[in-house]
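Visitor: Sharing final_17.txt below, compact mmCIF, C-alpha atoms:
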```
# COMPACT_ATOMS: atom_id res chain seq x y z
CA MET A 110 -136.08 25.11 -74.74
CA ILE A 111 -133.92 27.69 -73.00
CA VAL A 112 -130.18 27.64 -73.70
CA VAL A 113 -127.78 29.08 -71.12
CA PHE A 114 -124.46 30.21 -72.52
CA SER A 115 -121.24 31.78 -71.29
CA LEU A 116 -117.52 31.36 -71.82
CA ASP A 117 -116.68 32.08 -68.16
CA ARG A 118 -117.82 30.69 -64.83
CA ASP A 119 -119.31 33.85 -63.32
CA GLY A 120 -121.16 34.67 -66.52
CA PHE A 121 -122.65 31.17 -66.67
CA ARG A 122 -123.80 31.43 -63.06
CA SER A 123 -125.45 34.82 -63.62
CA ALA A 124 -127.12 33.65 -66.84
CA SER A 125 -128.33 30.44 -65.17
CA PHE A 126 -130.02 32.37 -62.37
CA ILE A 127 -132.04 34.45 -64.85
CA ALA A 128 -132.79 31.41 -67.02
CA GLN A 129 -134.08 29.40 -64.04
CA SER A 130 -136.47 32.23 -63.18
CA ILE A 131 -138.00 31.82 -66.66
CA GLY A 132 -138.22 28.01 -66.96
CA ARG A 133 -136.61 24.67 -66.14
CA ASP A 134 -136.14 23.12 -69.59
CA LEU A 135 -132.51 24.20 -69.69
CA VAL A 136 -129.50 23.21 -71.77
CA GLY A 137 -126.08 24.76 -71.19
CA ILE A 138 -123.32 25.68 -73.64
CA SER A 139 -119.95 26.40 -72.02
CA THR A 140 -116.23 25.69 -72.01
CA GLU A 141 -116.24 24.19 -68.51
CA VAL A 142 -118.44 21.93 -66.44
CA SER A 143 -121.23 23.52 -64.38
CA ASN A 144 -124.18 21.97 -62.54
CA TYR A 145 -126.55 24.93 -62.90
CA VAL A 146 -128.32 23.15 -65.79
CA PRO A 147 -129.46 19.51 -66.15
CA GLN A 148 -127.79 19.12 -69.57
CA LEU A 149 -124.48 20.67 -70.63
CA ARG A 150 -122.67 20.71 -73.96
CA LEU A 151 -118.96 21.48 -73.65
CA ILE A 152 -117.42 23.42 -76.54
CA GLY A 153 -113.92 24.64 -77.29
CA GLY A 154 -114.41 28.37 -77.71
CA GLU A 155 -116.25 31.23 -79.38
CA GLU A 156 -116.58 29.80 -82.89
CA GLU A 157 -117.90 26.45 -81.66
CA ALA A 158 -120.32 28.33 -79.41
CA VAL A 159 -121.72 30.23 -82.40
CA GLU A 160 -122.18 27.00 -84.36
CA ALA A 161 -123.73 25.10 -81.44
CA LEU A 162 -126.21 27.84 -80.53
CA SER A 163 -127.16 28.48 -84.15
CA SER A 164 -127.72 24.79 -84.93
CA MET A 165 -129.95 24.26 -81.87
CA ARG A 166 -132.29 27.09 -82.96
CA PRO A 167 -133.69 27.63 -79.43
CA GLN A 168 -136.56 29.93 -78.60
CA LEU A 169 -134.44 31.68 -76.00
CA VAL A 170 -130.70 32.08 -75.37
CA VAL A 171 -129.66 33.53 -72.00
CA SER A 172 -126.03 34.61 -72.22
CA GLY A 173 -123.46 36.05 -69.86
CA GLY A 174 -122.46 39.67 -70.27
CA SER A 175 -118.69 39.58 -70.87
CA ARG A 176 -117.29 41.09 -74.06
CA LYS A 177 -116.76 37.65 -75.59
CA ASP A 178 -120.25 36.53 -74.58
CA LEU A 179 -121.75 39.67 -76.11
CA GLY A 180 -119.90 39.05 -79.36
CA VAL A 181 -121.12 35.46 -79.63
CA ALA A 182 -124.68 36.36 -78.60
CA ALA A 183 -124.95 39.15 -81.19
CA ARG A 184 -123.76 36.86 -83.99
CA VAL A 185 -126.21 34.13 -82.95
CA ALA A 186 -129.08 36.61 -82.79
CA ALA A 187 -128.25 37.72 -86.35
CA ARG A 188 -128.14 34.13 -87.62
CA LEU A 189 -131.44 33.23 -85.95
CA ARG A 190 -133.05 36.58 -86.85
CA ALA A 191 -133.90 36.80 -83.16
CA SER A 192 -134.71 39.72 -80.86
CA PHE A 193 -131.75 40.90 -78.80
CA SER A 194 -131.19 42.76 -75.53
CA SER A 195 -128.12 43.30 -73.34
CA ASN A 196 -127.62 44.31 -69.67
CA VAL A 197 -130.72 42.37 -68.64
CA LEU A 198 -131.49 42.44 -64.91
CA ALA A 199 -134.62 40.25 -64.90
CA ALA A 200 -136.86 38.46 -67.40
CA LYS A 201 -140.16 36.58 -67.58
CA LEU A 202 -142.30 34.99 -70.28
CA GLN A 203 -145.63 36.56 -71.15
CA GLY A 204 -147.26 34.25 -73.68
CA GLN A 205 -145.12 34.35 -76.81
CA ARG A 206 -143.14 37.38 -75.68
CA LEU A 207 -140.29 37.87 -73.25
CA GLU A 208 -140.48 40.86 -70.89
CA VAL A 209 -137.07 42.01 -69.71
CA GLU A 210 -135.85 44.69 -67.31
CA ARG A 211 -132.68 46.58 -68.14
CA PRO A 212 -131.09 49.80 -66.85
CA ALA A 213 -131.79 53.09 -68.60
CA TYR A 214 -130.57 56.68 -68.22
CA GLY A 215 -127.24 55.52 -66.83
CA GLY A 216 -128.85 53.11 -64.40
CA LYS A 217 -131.07 55.67 -62.70
CA VAL A 218 -134.23 53.84 -63.78
CA LYS A 219 -135.22 50.38 -64.97
CA ALA A 220 -136.80 50.06 -68.40
CA SER A 221 -139.22 47.28 -69.36
CA VAL A 222 -138.67 45.92 -72.88
CA SER A 223 -140.91 43.42 -74.67
CA LEU A 224 -139.10 41.02 -77.05
CA GLU A 225 -140.59 38.67 -79.62
CA LEU A 226 -139.45 35.06 -79.53
CA PRO A 227 -136.99 33.74 -80.52
CA ALA A 228 -134.80 36.02 -78.45
CA VAL A 229 -131.20 36.31 -77.28
CA ILE A 230 -130.46 38.21 -74.08
CA CYS A 231 -127.21 39.03 -72.25
CA VAL A 232 -127.52 39.45 -68.50
CA SER A 233 -125.77 41.83 -66.16
CA GLY A 234 -123.49 40.20 -63.60
CA ASN A 235 -125.18 39.33 -60.31
CA ASP A 236 -124.25 37.61 -57.05
CA SER A 237 -127.29 35.32 -56.96
CA SER A 238 -126.94 31.57 -56.48
CA PRO A 239 -128.95 29.47 -58.97
CA ASP A 240 -130.20 25.97 -58.17
CA THR A 241 -127.99 23.00 -59.02
CA PHE A 242 -128.82 19.76 -60.86
CA PRO A 243 -127.32 16.33 -61.48
CA VAL A 244 -125.76 17.30 -64.81
CA GLN A 245 -125.38 15.24 -67.97
CA VAL A 246 -122.29 16.40 -69.89
CA ASN A 247 -121.63 15.96 -73.61
CA ARG A 248 -118.46 17.12 -75.32
CA GLU A 249 -118.89 18.78 -78.71
CA HIS A 250 -116.43 18.88 -81.61
CA LEU A 251 -118.15 21.08 -84.15
CA PRO A 252 -116.83 22.18 -87.54
CA VAL A 253 -116.74 25.95 -87.78
CA ARG A 254 -117.32 28.14 -90.82
CA SER A 255 -116.16 31.46 -89.45
CA LYS A 256 -114.43 34.00 -91.71
CA ILE A 257 -112.70 35.54 -88.70
CA ARG A 258 -108.90 35.26 -88.57
CA VAL A 259 -107.00 35.54 -85.29
CA LEU A 260 -104.32 38.19 -85.79
CA GLU A 261 -103.10 38.50 -82.23
CA ARG A 262 -103.58 36.93 -78.82
CA ARG A 263 -103.18 38.84 -75.56
CA VAL A 264 -103.02 37.48 -72.04
CA ARG A 265 -105.97 38.82 -70.08
CA ASP A 266 -105.39 40.68 -66.83
CA SER A 267 -106.29 38.25 -64.04
CA THR A 268 -107.47 40.97 -61.62
CA ASP A 269 -111.06 40.37 -60.52
CA LEU A 270 -112.49 43.81 -59.77
CA ARG A 271 -115.74 42.34 -58.45
CA SER A 272 -113.95 40.71 -55.50
CA ALA A 273 -111.64 43.65 -54.69
CA LYS A 274 -112.11 45.21 -51.26
CA VAL A 275 -110.38 48.45 -52.28
CA ILE A 276 -110.54 49.99 -55.75
CA VAL A 277 -108.56 53.00 -56.93
CA SER A 278 -110.36 54.27 -60.02
CA VAL A 279 -109.08 56.98 -62.37
CA GLY A 280 -110.68 59.35 -64.85
CA ARG A 281 -109.47 62.02 -67.24
CA GLY A 282 -108.53 64.19 -64.27
CA ILE A 283 -105.56 61.93 -63.47
CA GLY A 284 -103.79 63.68 -66.35
CA GLY A 285 -102.24 60.87 -68.37
CA LYS A 286 -100.43 57.52 -68.27
CA GLU A 287 -97.96 58.78 -65.68
CA GLY A 288 -100.88 59.56 -63.40
CA VAL A 289 -102.32 56.12 -64.06
CA GLU A 290 -99.01 54.53 -63.04
CA LEU A 291 -99.04 56.57 -59.83
CA ALA A 292 -102.60 55.39 -59.13
CA SER A 293 -101.49 51.81 -59.79
CA GLN A 294 -98.77 52.14 -57.14
CA LEU A 295 -101.31 53.61 -54.75
CA ALA A 296 -103.65 50.66 -55.35
CA GLN A 297 -100.81 48.23 -54.59
CA VAL A 298 -99.92 49.96 -51.32
CA LEU A 299 -103.59 49.90 -50.29
CA GLY A 300 -103.87 46.22 -51.20
CA GLY A 301 -106.49 47.01 -53.82
CA ALA A 302 -107.12 46.99 -57.56
CA LEU A 303 -106.82 49.65 -60.25
CA ALA A 304 -109.81 50.56 -62.43
CA GLY A 305 -111.01 53.43 -64.58
CA SER A 306 -113.84 55.26 -66.25
CA ARG A 307 -114.98 54.75 -69.83
CA ALA A 308 -112.95 57.77 -70.91
CA VAL A 309 -109.73 56.23 -69.58
CA THR A 310 -110.35 52.71 -70.90
CA ALA A 311 -112.45 52.82 -74.08
CA GLU A 312 -111.55 56.30 -75.34
CA LEU A 313 -107.99 57.15 -74.25
CA GLY A 314 -106.63 53.62 -73.83
CA TRP A 315 -104.75 54.41 -70.62
CA LEU A 316 -106.13 51.18 -69.12
CA PRO A 317 -107.33 47.96 -70.80
CA PRO A 318 -111.10 47.55 -71.42
CA ASP A 319 -111.51 44.92 -68.68
CA ARG A 320 -110.67 47.59 -66.05
CA GLN A 321 -113.70 49.72 -66.99
CA ILE A 322 -116.31 50.43 -64.31
CA GLY A 323 -119.79 51.33 -65.50
CA ILE A 324 -122.86 50.27 -67.38
CA SER A 325 -120.75 49.03 -70.31
CA GLY A 326 -118.02 47.70 -68.00
CA GLN A 327 -118.04 46.00 -64.60
CA ARG A 328 -120.28 46.50 -61.58
CA VAL A 329 -118.35 46.52 -58.31
CA LYS A 330 -119.07 46.95 -54.61
CA PRO A 331 -115.79 47.29 -52.70
CA ASP A 332 -115.44 48.41 -49.10
CA VAL A 333 -113.62 51.55 -50.35
CA TYR A 334 -113.88 53.16 -53.79
CA LEU A 335 -111.34 55.94 -54.35
CA ALA A 336 -112.33 57.97 -57.42
CA LEU A 337 -109.45 60.08 -58.73
CA GLY A 338 -110.38 62.72 -61.29
CA ILE A 339 -113.67 61.07 -62.26
CA SER A 340 -116.52 63.44 -63.12
CA GLY A 341 -119.24 60.94 -62.19
CA GLN A 342 -121.32 60.47 -65.32
CA PRO A 343 -124.42 58.25 -64.83
CA GLN A 344 -123.02 55.35 -66.85
CA HIS A 345 -119.98 55.20 -64.54
CA VAL A 346 -121.96 55.67 -61.32
CA PHE A 347 -124.12 52.67 -62.27
CA GLY A 348 -121.07 50.43 -61.88
CA MET A 349 -119.87 51.68 -58.47
CA ARG A 350 -122.90 52.94 -56.57
CA GLU A 351 -122.99 49.83 -54.35
CA SER A 352 -119.55 50.66 -52.87
CA LYS A 353 -119.66 50.90 -49.07
CA VAL A 354 -117.51 54.05 -48.83
CA VAL A 355 -116.81 56.38 -51.77
CA VAL A 356 -113.97 58.89 -51.58
CA ALA A 357 -113.93 61.28 -54.54
CA VAL A 358 -111.08 63.62 -55.45
CA ASN A 359 -111.94 66.35 -57.95
CA LYS A 360 -110.99 69.97 -58.56
CA ASP A 361 -114.65 70.78 -59.21
CA ARG A 362 -116.68 70.67 -55.98
CA ASN A 363 -119.84 70.62 -58.12
CA ALA A 364 -118.86 67.59 -60.21
CA PRO A 365 -121.63 64.92 -60.33
CA ILE A 366 -119.41 62.47 -58.43
CA ALA A 367 -119.85 64.68 -55.35
CA GLU A 368 -123.46 63.49 -55.03
CA GLU A 369 -122.28 59.88 -54.78
CA ALA A 370 -119.33 60.50 -52.44
CA ASP A 371 -119.23 59.89 -48.71
CA TYR A 372 -116.10 62.06 -48.64
CA LEU A 373 -115.23 64.71 -51.21
CA VAL A 374 -111.71 66.10 -51.50
CA VAL A 375 -111.56 69.27 -53.59
CA ALA A 376 -108.06 68.99 -55.03
CA ASP A 377 -106.06 68.04 -58.10
CA ALA A 378 -106.29 64.24 -58.38
CA LEU A 379 -102.67 63.77 -59.44
CA THR A 380 -101.33 65.91 -56.60
CA PHE A 381 -103.57 64.16 -54.06
CA ALA A 382 -102.52 60.68 -55.25
CA SER A 383 -98.85 61.65 -55.10
CA GLU A 384 -99.12 63.05 -51.56
CA LEU A 385 -101.18 60.12 -50.30
CA LEU A 386 -98.75 57.60 -51.77
CA ARG A 387 -95.79 59.40 -50.18
CA ALA A 388 -97.54 59.50 -46.80
CA LEU A 389 -98.43 55.79 -46.95
CA LYS A 390 -94.91 54.76 -47.89
CA ASN A 391 -93.48 56.85 -45.03
CA GLU A 392 -95.90 55.17 -42.64
CA LEU A 393 -94.86 51.72 -43.86
CA ARG A 394 -91.19 52.53 -43.25
CA ARG A 395 -91.79 53.21 -39.56
```
Transcribe the structure of this file into structure tokens.
Guide:
Amino acid sequence: MIVVFSLDRDGFRSASFIAQSIGRDLVGISTEVSNYVPQLRLIGGEEEAVEALSSMRPQLVVSGGSRKDLGVAARVAARLRASFSSNVLAAKLQGQRLEVERPAYGGKVKASVSLELPAVICVSGNDSSPDTFPVQVNREHLPVRSKIRVLERRVRDSTDLRSAKVIVSVGRGIGGKEGVELASQLAQVLGGALAGSRAVTAELGWLPPDRQIGISGQRVKPDVYLALGISGQPQHVFGMRESKVVVAVNKDRNAPIAEEADYLVVADALTFASELLRALKNELRR
């Protein structure tokens, strides 16, 4: 039995596509109804998901790749003493082992990893469309035994970077939170979304984690990707290399991002963003 799991719609779709490529004996665990599996168990949240997946003791769990999904999947893998892999791009069964492909060296190559069953894998987001089924839905009300206490709840940013046509993305070179605010205004004028590198999101905290582009963040492919003060490390490039047009602004003409850019502007990112925003606002006033 293969169990498909995710707490969000896009994650469930991506996980279902990979799961269907492996087999058809599928059961889904999710918080909302989906017809990508023939049987679906609806649960209330993360803790119920952990209990449901652990109690089923499946040979394979195919999970979405969001932060919440990763957290649940890792806990289930520990409970089941199962093999675990994240950022999976493709998978297939070879006897009693699961062969998976995942990015390596910042996404420059694909690595093949062999996992013993049982296994838990988290898939990278993809745009593929899995097959649909007449679905049988059961609602679960499971007792939970978690020792986790909720200390704070935060409303998640509703911006979907994956559907944005224009993305203004910032790195350390934007200077600080004032520069980030300037980039945010620029994104609004351009009708786009604001994002950032790992340094800006995970390390400096200038932007929330869900705005991170890269191998440990989101993969995007906008019409225009404006990179302000981003050096262009491989893990970041992995998340934006499918952009149609890349405009990079960096003081260092030899920065790695230059190799990915269709247009390179050798300038201070903060100064460039300020001048571009002023020019755009003047144009809108005409």
Visitor: Check which residues of stretch 140-195 of chain A sit at most 10 Å from stretch 225-232 of chain A using all atoms listed in the file, and return one row each with the closest pair of atoms and their distance in Å to one decimal, ordered by chain and rising number, as CSV.
Guide:
```
residue,atom,partner,partner_atom,distance
A:Arg166,CA,A:Pro227,CA,8.5
A:Pro167,CA,A:Pro227,CA,7.0
A:Gln168,CA,A:Pro227,CA,4.3
A:Leu169,CA,A:Ala228,CA,5.0
A:Val170,CA,A:Val229,CA,4.7
A:Val171,CA,A:Ile230,CA,5.2
A:Ser172,CA,A:Cys231,CA,4.6
A:Gly173,CA,A:Cys231,CA,5.4
A:Gly174,CA,A:Cys231,CA,5.2
A:Ser175,CA,A:Cys231,CA,8.6
A:Asp178,CA,A:Cys231,CA,7.8
A:Leu179,CA,A:Cys231,CA,6.7
A:Ala182,CA,A:Val229,CA,6.7
A:Ala183,CA,A:Val229,CA,7.9
A:Val185,CA,A:Val229,CA,7.9
A:Ala186,CA,A:Val229,CA,5.9
A:Ala187,CA,A:Val229,CA,9.6
A:Leu189,CA,A:Pro227,CA,7.8
A:Arg190,CA,A:Pro227,CA,8.0
A:Ala191,CA,A:Ala228,CA,4.9
A:Ser192,CA,A:Ala228,CA,4.4
A:Phe193,CA,A:Val229,CA,4.9
A:Ser194,CA,A:Ile230,CA,4.8
A:Ser195,CA,A:Cys231,CA,4.5
```
Visitor: In Å, with one decimal, what is the gap from atom CA of A:Asn144 to atom CA of A:Thr241?
Guide: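 Separating atom CA of A:Asn144 from atom CA of A:Thr241 is a distance of 5.3 Å.
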Visitor: Could you check how far atom CA of A:Val298 sits from atom CA of A:Ser272, in Å to one decimal?
Guide: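 Between atom CA of A:Val298 and atom CA of A:Ser272 the gap works out to 17.3 Å.
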Visitor: Tell me which of A:Ile138, A:Ala128, A:Val309, A:Ile276 sits closest to A:Ser115, counting only C-alpha atoms.
Guide: A:Ile138
Visitor: Using only C-alpha atoms, which of the listed residues (A:Ala161, A:Val112, A:Leu224, A:Ile366) sits closest to A:Gln205?
Guide: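 Looking only at the distances to A:Gln205, the closest residue turns out to be A:Leu224.
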Visitor: Just the number, please: distance in Å from atom CA of A:Leu151 to atom CA of A:Ser139, one decimal.
Guide: 5.3 Å
Visitor: Which stretch 198-249 of chain A residues have any atom within 8 Å of an atom of stretch 344-354 of chain A, and for each, what is the nearest pair of atoms with distance in Å to one decimal, counting only C-alpha atoms, rows sorted by chain and number, as CSV?
Guide:
```
residue,atom,partner,partner_atom,distance
A:Tyr214,CA,A:Gln344,CA,7.8
A:Gly215,CA,A:Gln344,CA,4.2
A:Gly216,CA,A:Phe347,CA,5.2
A:Lys217,CA,A:Phe347,CA,7.6
```
Visitor: Can you list, as a compact mmCIF listing (two decimals) with C-alpha atoms, in the coordinates of the input, every protein, DNA or RNA residue that comes within 9 Å of stretch 284-292 of chain A when you count all atoms listed in the file, leaving out same-chain residues fewer than 3 positions away?
Guide:
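Output saved as out.txt:
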```
# COMPACT_ATOMS: atom_id res chain seq x y z
CA VAL A 277 -108.56 53.00 -56.93
CA SER A 278 -110.36 54.27 -60.02
CA VAL A 279 -109.08 56.98 -62.37
CA GLY A 280 -110.68 59.35 -64.85
CA ARG A 281 -109.47 62.02 -67.24
CA LEU A 295 -101.31 53.61 -54.75
CA ALA A 296 -103.65 50.66 -55.35
CA GLN A 297 -100.81 48.23 -54.59
CA LEU A 303 -106.82 49.65 -60.25
CA VAL A 309 -109.73 56.23 -69.58
CA TRP A 315 -104.75 54.41 -70.62
CA LEU A 316 -106.13 51.18 -69.12
CA LEU A 337 -109.45 60.08 -58.73
CA GLY A 338 -110.38 62.72 -61.29
CA ALA A 378 -106.29 64.24 -58.38
CA LEU A 379 -102.67 63.77 -59.44
CA ALA A 382 -102.52 60.68 -55.25
CA SER A 383 -98.85 61.65 -55.10
CA LEU A 386 -98.75 57.60 -51.77
```
Visitor: Which residue out of A:Gln203, A:Asn391, A:Ser237, A:Ser143 has the minimum interatomic distance to A:Asp117 when only C-alpha atoms are used?
Guide: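 Of all the options, A:Ser143 lies closest to A:Asp117.
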Visitor: Quick one: of A:Ser130, A:Thr140, A:Asn235, A:Asn359, who's nearest to A:Val329, counting all atoms listed in the file?
Guide: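 Residue with the minimum atom-to-atom distance to A:Val329: A:Asn235.
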Visitor: From the options A:Ser340, A:Gln129, A:Gln148, A:Ser223, which residue's atoms come nearest to A:Asp361, counting all atoms listed in the file?
Guide: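 Going through A:Ser340, A:Gln129, A:Gln148, A:Ser223 one by one, the smallest distance to A:Asp361 is for A:Ser340.
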Visitor: Which of these residues is nearest to A:Asn247, using all atoms listed in the file: A:Gly341, A:Pro147, A:Pro317, A:Gly132?
Guide: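 Checking each candidate against A:Asn247, we get A:Pro147 as the closest.
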Visitor: Any idea what's packed within 7 Å of A:Gly137, counting all atoms listed in the file, ignoring anything in its chain fewer than 3 positions away? Could you give it as an mmCIF file with C-alpha atoms, keeping the file's coordinate frame?
Guide:
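The resulting file, selection.cif, is shown below:
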```cif
data_model
loop_
_atom_site.group_PDB
_atom_site.id
_atom_site.type_symbol
_atom_site.label_atom_id
_atom_site.label_comp_id
_atom_site.auth_asym_id
_atom_site.auth_seq_id
_atom_site.Cartn_x
_atom_site.Cartn_y
_atom_site.Cartn_z
ATOM 1 C CA VAL A 112 -130.180 27.640 -73.700
ATOM 2 C CA VAL A 113 -127.780 29.080 -71.120
ATOM 3 C CA PHE A 114 -124.460 30.210 -72.520
ATOM 4 C CA VAL A 146 -128.320 23.150 -65.790
ATOM 5 C CA GLN A 148 -127.790 19.120 -69.570
ATOM 6 C CA LEU A 149 -124.480 20.670 -70.630
ATOM 7 C CA ARG A 150 -122.670 20.710 -73.960
#
```
Visitor: Please produce stretch 363-393 of chain A, completed to N, CA and C atoms, as a PDB file, in the frame of the given file.
Guide:
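What ended up in selection-v5.pdb:
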```pdb
ATOM      1  N   ASN A 363    -118.489  70.843 -57.618  1.00  0.00           N
ATOM      2  CA  ASN A 363    -119.840  70.620 -58.120  1.00  0.00           C
ATOM      3  C   ASN A 363    -119.916  69.488 -59.143  1.00  0.00           C
ATOM      4  N   ALA A 364    -118.849  68.728 -59.295  1.00  0.00           N
ATOM      5  CA  ALA A 364    -118.860  67.590 -60.210  1.00  0.00           C
ATOM      6  C   ALA A 364    -119.919  66.579 -59.766  1.00  0.00           C
ATOM      7  N   PRO A 365    -120.576  65.891 -60.700  1.00  0.00           N
ATOM      8  CA  PRO A 365    -121.630  64.920 -60.330  1.00  0.00           C
ATOM      9  C   PRO A 365    -121.183  63.864 -59.335  1.00  0.00           C
ATOM     10  N   ILE A 366    -119.893  63.502 -59.347  1.00  0.00           N
ATOM     11  CA  ILE A 366    -119.410  62.470 -58.430  1.00  0.00           C
ATOM     12  C   ILE A 366    -119.587  62.878 -56.974  1.00  0.00           C
ATOM     13  N   ALA A 367    -119.684  64.197 -56.719  1.00  0.00           N
ATOM     14  CA  ALA A 367    -119.850  64.680 -55.350  1.00  0.00           C
ATOM     15  C   ALA A 367    -121.141  64.174 -54.723  1.00  0.00           C
ATOM     16  N   GLU A 368    -122.176  63.981 -55.546  1.00  0.00           N
ATOM     17  CA  GLU A 368    -123.460  63.490 -55.030  1.00  0.00           C
ATOM     18  C   GLU A 368    -123.384  62.040 -54.588  1.00  0.00           C
ATOM     19  N   GLU A 369    -122.417  61.305 -55.117  1.00  0.00           N
ATOM     20  CA  GLU A 369    -122.280  59.880 -54.780  1.00  0.00           C
ATOM     21  C   GLU A 369    -121.257  59.640 -53.688  1.00  0.00           C
ATOM     22  N   ALA A 370    -120.470  60.680 -53.340  1.00  0.00           N
ATOM     23  CA  ALA A 370    -119.330  60.500 -52.440  1.00  0.00           C
ATOM     24  C   ALA A 370    -119.722  60.614 -50.969  1.00  0.00           C
ATOM     25  N   ASP A 371    -119.135  59.741 -50.162  1.00  0.00           N
ATOM     26  CA  ASP A 371    -119.230  59.890 -48.710  1.00  0.00           C
ATOM     27  C   ASP A 371    -118.252  60.954 -48.238  1.00  0.00           C
ATOM     28  N   TYR A 372    -117.108  61.047 -48.936  1.00  0.00           N
ATOM     29  CA  TYR A 372    -116.100  62.060 -48.640  1.00  0.00           C
ATOM     30  C   TYR A 372    -115.644  62.675 -49.954  1.00  0.00           C
ATOM     31  N   LEU A 373    -115.674  63.989 -50.018  1.00  0.00           N
ATOM     32  CA  LEU A 373    -115.230  64.710 -51.210  1.00  0.00           C
ATOM     33  C   LEU A 373    -113.992  65.526 -50.878  1.00  0.00           C
ATOM     34  N   VAL A 374    -112.927  65.324 -51.641  1.00  0.00           N
ATOM     35  CA  VAL A 374    -111.710  66.100 -51.500  1.00  0.00           C
ATOM     36  C   VAL A 374    -111.595  67.010 -52.714  1.00  0.00           C
ATOM     37  N   VAL A 375    -111.669  68.313 -52.486  1.00  0.00           N
ATOM     38  CA  VAL A 375    -111.560  69.270 -53.590  1.00  0.00           C
ATOM     39  C   VAL A 375    -110.077  69.556 -53.804  1.00  0.00           C
ATOM     40  N   ALA A 376    -109.501  68.880 -54.786  1.00  0.00           N
ATOM     41  CA  ALA A 376    -108.060  68.990 -55.030  1.00  0.00           C
ATOM     42  C   ALA A 376    -107.745  68.401 -56.398  1.00  0.00           C
ATOM     43  N   ASP A 377    -106.541  68.668 -56.878  1.00  0.00           N
ATOM     44  CA  ASP A 377    -106.060  68.040 -58.100  1.00  0.00           C
ATOM     45  C   ASP A 377    -105.803  66.562 -57.822  1.00  0.00           C
ATOM     46  N   ALA A 378    -106.370  65.687 -58.636  1.00  0.00           N
ATOM     47  CA  ALA A 378    -106.290  64.240 -58.380  1.00  0.00           C
ATOM     48  C   ALA A 378    -104.856  63.740 -58.399  1.00  0.00           C
ATOM     49  N   LEU A 379    -104.060  64.220 -59.334  1.00  0.00           N
ATOM     50  CA  LEU A 379    -102.670  63.770 -59.440  1.00  0.00           C
ATOM     51  C   LEU A 379    -101.862  64.188 -58.205  1.00  0.00           C
ATOM     52  N   THR A 380    -102.045  65.421 -57.778  1.00  0.00           N
ATOM     53  CA  THR A 380    -101.330  65.910 -56.600  1.00  0.00           C
ATOM     54  C   THR A 380    -101.756  65.135 -55.356  1.00  0.00           C
ATOM     55  N   PHE A 381    -103.064  64.912 -55.218  1.00  0.00           N
ATOM     56  CA  PHE A 381    -103.570  64.160 -54.060  1.00  0.00           C
ATOM     57  C   PHE A 381    -102.993  62.750 -54.028  1.00  0.00           C
ATOM     58  N   ALA A 382    -103.027  62.057 -55.190  1.00  0.00           N
ATOM     59  CA  ALA A 382    -102.520  60.680 -55.250  1.00  0.00           C
ATOM     60  C   ALA A 382    -101.049  60.628 -54.893  1.00  0.00           C
ATOM     61  N   SER A 383    -100.285  61.607 -55.378  1.00  0.00           N
ATOM     62  CA  SER A 383     -98.850  61.650 -55.100  1.00  0.00           C
ATOM     63  C   SER A 383     -98.587  61.846 -53.606  1.00  0.00           C
ATOM     64  N   GLU A 384     -99.306  62.776 -52.980  1.00  0.00           N
ATOM     65  CA  GLU A 384     -99.120  63.050 -51.560  1.00  0.00           C
ATOM     66  C   GLU A 384     -99.560  61.877 -50.693  1.00  0.00           C
ATOM     67  N   LEU A 385    -100.689  61.261 -51.069  1.00  0.00           N
ATOM     68  CA  LEU A 385    -101.180  60.120 -50.300  1.00  0.00           C
ATOM     69  C   LEU A 385    -100.220  58.939 -50.400  1.00  0.00           C
ATOM     70  N   LEU A 386     -99.700  58.690 -51.596  1.00  0.00           N
ATOM     71  CA  LEU A 386     -98.750  57.600 -51.770  1.00  0.00           C
ATOM     72  C   LEU A 386     -97.492  57.831 -50.953  1.00  0.00           C
ATOM     73  N   ARG A 387     -96.980  59.069 -50.968  1.00  0.00           N
ATOM     74  CA  ARG A 387     -95.790  59.400 -50.180  1.00  0.00           C
ATOM     75  C   ARG A 387     -96.042  59.197 -48.697  1.00  0.00           C
ATOM     76  N   ALA A 388     -97.208  59.632 -48.208  1.00  0.00           N
ATOM     77  CA  ALA A 388     -97.540  59.500 -46.800  1.00  0.00           C
ATOM     78  C   ALA A 388     -97.648  58.025 -46.396  1.00  0.00           C
ATOM     79  N   LEU A 389     -98.269  57.218 -47.245  1.00  0.00           N
ATOM     80  CA  LEU A 389     -98.430  55.790 -46.950  1.00  0.00           C
ATOM     81  C   LEU A 389     -97.102  55.066 -46.924  1.00  0.00           C
ATOM     82  N   LYS A 390     -96.220  55.406 -47.861  1.00  0.00           N
ATOM     83  CA  LYS A 390     -94.910  54.760 -47.890  1.00  0.00           C
ATOM     84  C   LYS A 390     -94.083  55.145 -46.660  1.00  0.00           C
ATOM     85  N   ASN A 391     -94.185  56.416 -46.244  1.00  0.00           N
ATOM     86  CA  ASN A 391     -93.480  56.850 -45.030  1.00  0.00           C
ATOM     87  C   ASN A 391     -93.986  56.098 -43.808  1.00  0.00           C
ATOM     88  N   GLU A 392     -95.295  55.890 -43.776  1.00  0.00           N
ATOM     89  CA  GLU A 392     -95.900  55.170 -42.640  1.00  0.00           C
ATOM     90  C   GLU A 392     -95.424  53.726 -42.603  1.00  0.00           C
ATOM     91  N   LEU A 393     -95.294  53.116 -43.799  1.00  0.00           N
ATOM     92  CA  LEU A 393     -94.860  51.720 -43.860  1.00  0.00           C
ATOM     93  C   LEU A 393     -93.406  51.556 -43.445  1.00  0.00           C
TER      94      LEU A 393
END
```
